[in-house]
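Visitor: Quick one: the structure is below, and I'll ask about it shortly.
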Amino acid sequence: MTWHALVQQIRTAGRYDTDAEAERVLRAVLTALGGHVVGDERCGLVRLLPAEAGALLAAQIPVTEPVTAPAFVARVATALDLTPAEARWATSTVLTAVADHAGEALTRRILAGLPRGYALLFGRVELAPAAPRRLTQAAA
């Protein structure tokens with residue numbers, strides 16, 4: 001896939017009016033994501049995405065403290081001067097496309113390295129761990 005094709009995917013999925021708008025959103029979200037995906041997952045993602053997208057990810061210094069999904073969206077909102085709802089749409093549009101290119105296995109590994117709450121941004125369902133079963137006195 002080329003950078004242009006990725007921009008087109010974002011433009012279509014996000015319903016942006018221009019390539020420039022889609023590219024602006026893509027660059028901002030990838031830049032924000034770059035500090036949060038590290039190690040083998042980062043290397044794998046850089047290899048799978050177009051070179052320009054991979055370079056945006058790789059250029060970011062890893063964060064020392066992970067941020068919640070809402071805080072991540074808020075950073076995108078600030079970077080793009082968007083409302084929280086617009087930033088969530090932009091973030092989800094880009095991260096869903098990234099997950100589609102990464103595939104399920106890599107996306108699961110990326111999500112495992114992020115705080116809970118990011119799965120929906122990647123277009124995935126986040127299942128809560130099952131509660132331990134308790135035996136009732138009647139069952140015992």
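How things are named: the first chain in the structure tokens is A, the next is B, and so on; residues count from 1 in each chain; ligands count from 1 in the order shown.
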With a cut-off of 9 Å, could you pull out the residues of stretch 44-64 of chain A touching stretch 93-102 of chain A and give me the nearest pair of atoms for each, distance in Å to one decimal, using only C-alpha atoms, ordered by chain and ascending number, as a tab-separated table?
Guide:
```
residue	atom	partner	partner_atom	distance
A:Gly44	CA	A:Ala102	CA	8.0
A:Leu45	CA	A:Ala102	CA	6.3
A:Leu48	CA	A:Ala102	CA	6.4
A:Leu49	CA	A:His101	CA	7.0
```
Visitor: I'd like the interatomic distance between atom CA of A:Gly39 and atom CA of A:Ile10, to a tenth of an Å.
Guide: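 So the two atoms, atom CA of A:Gly39 and atom CA of A:Ile10, lie 25.8 Å apart.
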Visitor: How close does each residue of stretch 53-127 of chain A get to stretch 26-30 of chain A, giving the shortest atom pair and distance in Å to one decimal for every residue with an atom at most 7 Å away, counting only C-alpha atoms, sorted by chain and residue number, as a Markdown table?
Guide:
```
| residue | atom | partner | partner_atom | distance |
| --- | --- | --- | --- | --- |
| A:Leu56 | CA | A:Leu30 | CA | 6.3 |
| A:Leu57 | CA | A:Leu30 | CA | 5.9 |
| A:Val76 | CA | A:Val29 | CA | 6.4 |
| A:Ala79 | CA | A:Ala28 | CA | 6.8 |
| A:Thr91 | CA | A:Val29 | CA | 6.0 |
| A:Val94 | CA | A:Leu26 | CA | 6.0 |
```
Visitor: Identify, with DSSP run on backbone atoms, the residues in chain A assigned to helix (DSSP H, G or I), and express the list as a VMD selection string.
Guide: chain A and resid 3 to 14 19 to 34 39 to 48 51 to 58 69 to 80 84 to 102 104 to 112 119 to 122
Visitor: Between A:Arg124, A:Arg11, A:Arg116, A:His4, which is the closest to A:Val67 once you count only C-alpha atoms?
Guide: A:Arg116
Visitor: One decimal, in Å: what's the spacing between atom CA of A:Arg15 and atom CA of A:Arg75?
Guide: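 The value is 21.4 Å.
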Visitor: Near stretch 62-64 of chain A, counting only C-alpha atoms, which residues have an atom at most 12 Å away, once you skip same-chain residues fewer than 3 positions from it, shown as a short mmCIF file (atom, residue, chain, number, x, y, z; two decimals) with all heavy atoms, in the first residue's frame?
Guide:
```
data_model
loop_
_atom_site.label_atom_id
_atom_site.label_comp_id
_atom_site.auth_asym_id
_atom_site.auth_seq_id
_atom_site.Cartn_x
_atom_site.Cartn_y
_atom_site.Cartn_z
N THR A 31 1.35 10.38 14.66
CA THR A 31 2.35 11.02 15.51
C THR A 31 2.03 10.76 16.99
O THR A 31 2.92 10.42 17.77
CB THR A 31 2.43 12.53 15.22
OG1 THR A 31 2.84 12.70 13.86
CG2 THR A 31 3.41 13.23 16.13
N ALA A 32 0.77 10.90 17.35
CA ALA A 32 0.37 10.62 18.73
C ALA A 32 0.57 9.15 19.08
O ALA A 32 1.02 8.82 20.18
CB ALA A 32 -1.09 11.02 18.94
N LEU A 33 0.26 8.26 18.15
CA LEU A 33 0.39 6.83 18.40
C LEU A 33 1.84 6.39 18.53
O LEU A 33 2.15 5.48 19.31
CB LEU A 33 -0.29 6.04 17.26
CG LEU A 33 -0.27 4.52 17.37
CD1 LEU A 33 -1.08 4.07 18.58
CD2 LEU A 33 -0.81 3.91 16.09
N GLY A 34 2.73 7.04 17.81
CA GLY A 34 4.13 6.63 17.77
C GLY A 34 4.80 6.49 19.11
O GLY A 34 5.63 5.60 19.31
N GLY A 35 4.45 7.31 20.05
CA GLY A 35 5.06 7.22 21.37
C GLY A 35 4.49 6.13 22.25
O GLY A 35 5.06 5.77 23.27
N HIS A 36 3.35 5.57 21.84
CA HIS A 36 2.66 4.58 22.68
C HIS A 36 2.85 3.15 22.23
O HIS A 36 2.57 2.23 22.98
CB HIS A 36 1.17 4.91 22.73
CG HIS A 36 0.91 6.24 23.35
ND1 HIS A 36 0.88 6.44 24.70
CD2 HIS A 36 0.71 7.46 22.80
CE1 HIS A 36 0.67 7.72 24.96
NE2 HIS A 36 0.57 8.36 23.82
N VAL A 37 3.27 2.96 21.01
CA VAL A 37 3.53 1.61 20.50
C VAL A 37 5.05 1.45 20.44
O VAL A 37 5.73 2.22 19.76
CB VAL A 37 2.90 1.40 19.10
CG1 VAL A 37 3.23 0.02 18.57
CG2 VAL A 37 1.39 1.60 19.18
N VAL A 38 5.56 0.47 21.16
CA VAL A 38 7.01 0.31 21.27
C VAL A 38 7.41 -1.14 20.99
O VAL A 38 6.57 -2.01 20.83
CB VAL A 38 7.50 0.73 22.67
CG1 VAL A 38 7.24 2.21 22.91
CG2 VAL A 38 6.84 -0.09 23.76
N GLY A 39 8.70 -1.36 20.94
CA GLY A 39 9.25 -2.70 20.82
C GLY A 39 8.92 -3.38 19.49
O GLY A 39 8.84 -2.73 18.45
N ARG A 42 5.96 -2.02 17.51
CA ARG A 42 6.27 -0.81 16.74
C ARG A 42 7.02 -1.17 15.46
O ARG A 42 6.68 -0.67 14.38
CB ARG A 42 7.10 0.14 17.60
CG ARG A 42 7.41 1.46 16.94
CD ARG A 42 8.25 2.29 17.90
NE ARG A 42 8.29 3.67 17.50
CZ ARG A 42 8.68 4.65 18.29
NH1 ARG A 42 9.03 4.40 19.53
NH2 ARG A 42 8.72 5.87 17.85
N LEU A 57 5.64 7.10 12.81
CA LEU A 57 5.62 6.30 14.04
C LEU A 57 7.01 6.19 14.66
O LEU A 57 7.19 6.40 15.86
CB LEU A 57 5.10 4.89 13.75
CG LEU A 57 3.62 4.74 13.47
CD1 LEU A 57 3.33 3.34 12.97
CD2 LEU A 57 2.81 5.03 14.71
N ALA A 58 7.98 5.84 13.82
CA ALA A 58 9.33 5.57 14.31
C ALA A 58 10.02 6.82 14.85
O ALA A 58 10.91 6.72 15.70
CB ALA A 58 10.16 4.95 13.19
N ALA A 59 9.62 8.00 14.39
CA ALA A 59 10.28 9.23 14.81
C ALA A 59 9.89 9.68 16.21
O ALA A 59 10.54 10.56 16.78
CB ALA A 59 9.95 10.35 13.81
N VAL A 67 -1.02 6.84 28.57
CA VAL A 67 -2.19 7.68 28.81
C VAL A 67 -3.45 6.88 28.50
O VAL A 67 -3.43 5.95 27.70
CB VAL A 67 -2.17 8.97 27.97
CG1 VAL A 67 -0.96 9.83 28.31
CG2 VAL A 67 -2.20 8.68 26.49
N PHE A 72 -5.66 10.23 25.23
CA PHE A 72 -5.07 10.13 23.89
C PHE A 72 -5.92 10.93 22.90
O PHE A 72 -5.40 11.72 22.11
CB PHE A 72 -4.98 8.66 23.48
CG PHE A 72 -4.32 8.44 22.15
CD1 PHE A 72 -2.95 8.30 22.06
CD2 PHE A 72 -5.06 8.36 20.99
CE1 PHE A 72 -2.33 8.10 20.83
CE2 PHE A 72 -4.47 8.16 19.76
CZ PHE A 72 -3.09 8.02 19.68
N LEU A 114 -1.29 -1.31 25.56
CA LEU A 114 -1.94 -0.03 25.85
C LEU A 114 -2.91 -0.20 27.02
O LEU A 114 -3.40 -1.31 27.26
CB LEU A 114 -2.72 0.44 24.61
CG LEU A 114 -1.88 0.77 23.38
CD1 LEU A 114 -2.78 0.99 22.17
CD2 LEU A 114 -1.00 1.98 23.64
#
```
Visitor: Go through A:Ile61, A:Pro66, A:Asp19, A:Gly54 and flag the residue nearest A:Gly113, using only C-alpha atoms for the distances.
Guide: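 Closest to A:Gly113, using only C-alpha atoms: A:Pro66.
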Visitor: Just give me the gap between atom CA of A:Gly14 and atom CA of A:Ala90 in Å, one decimal is fine.
Guide: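 Those two atoms sit 6.8 Å apart.
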Visitor: Smallest atom-to-atom distance to A:Ile110: which of A:Glu86, A:Glu41, A:Asp81, A:Glu52, using only C-alpha atoms?
Guide: A:Glu41
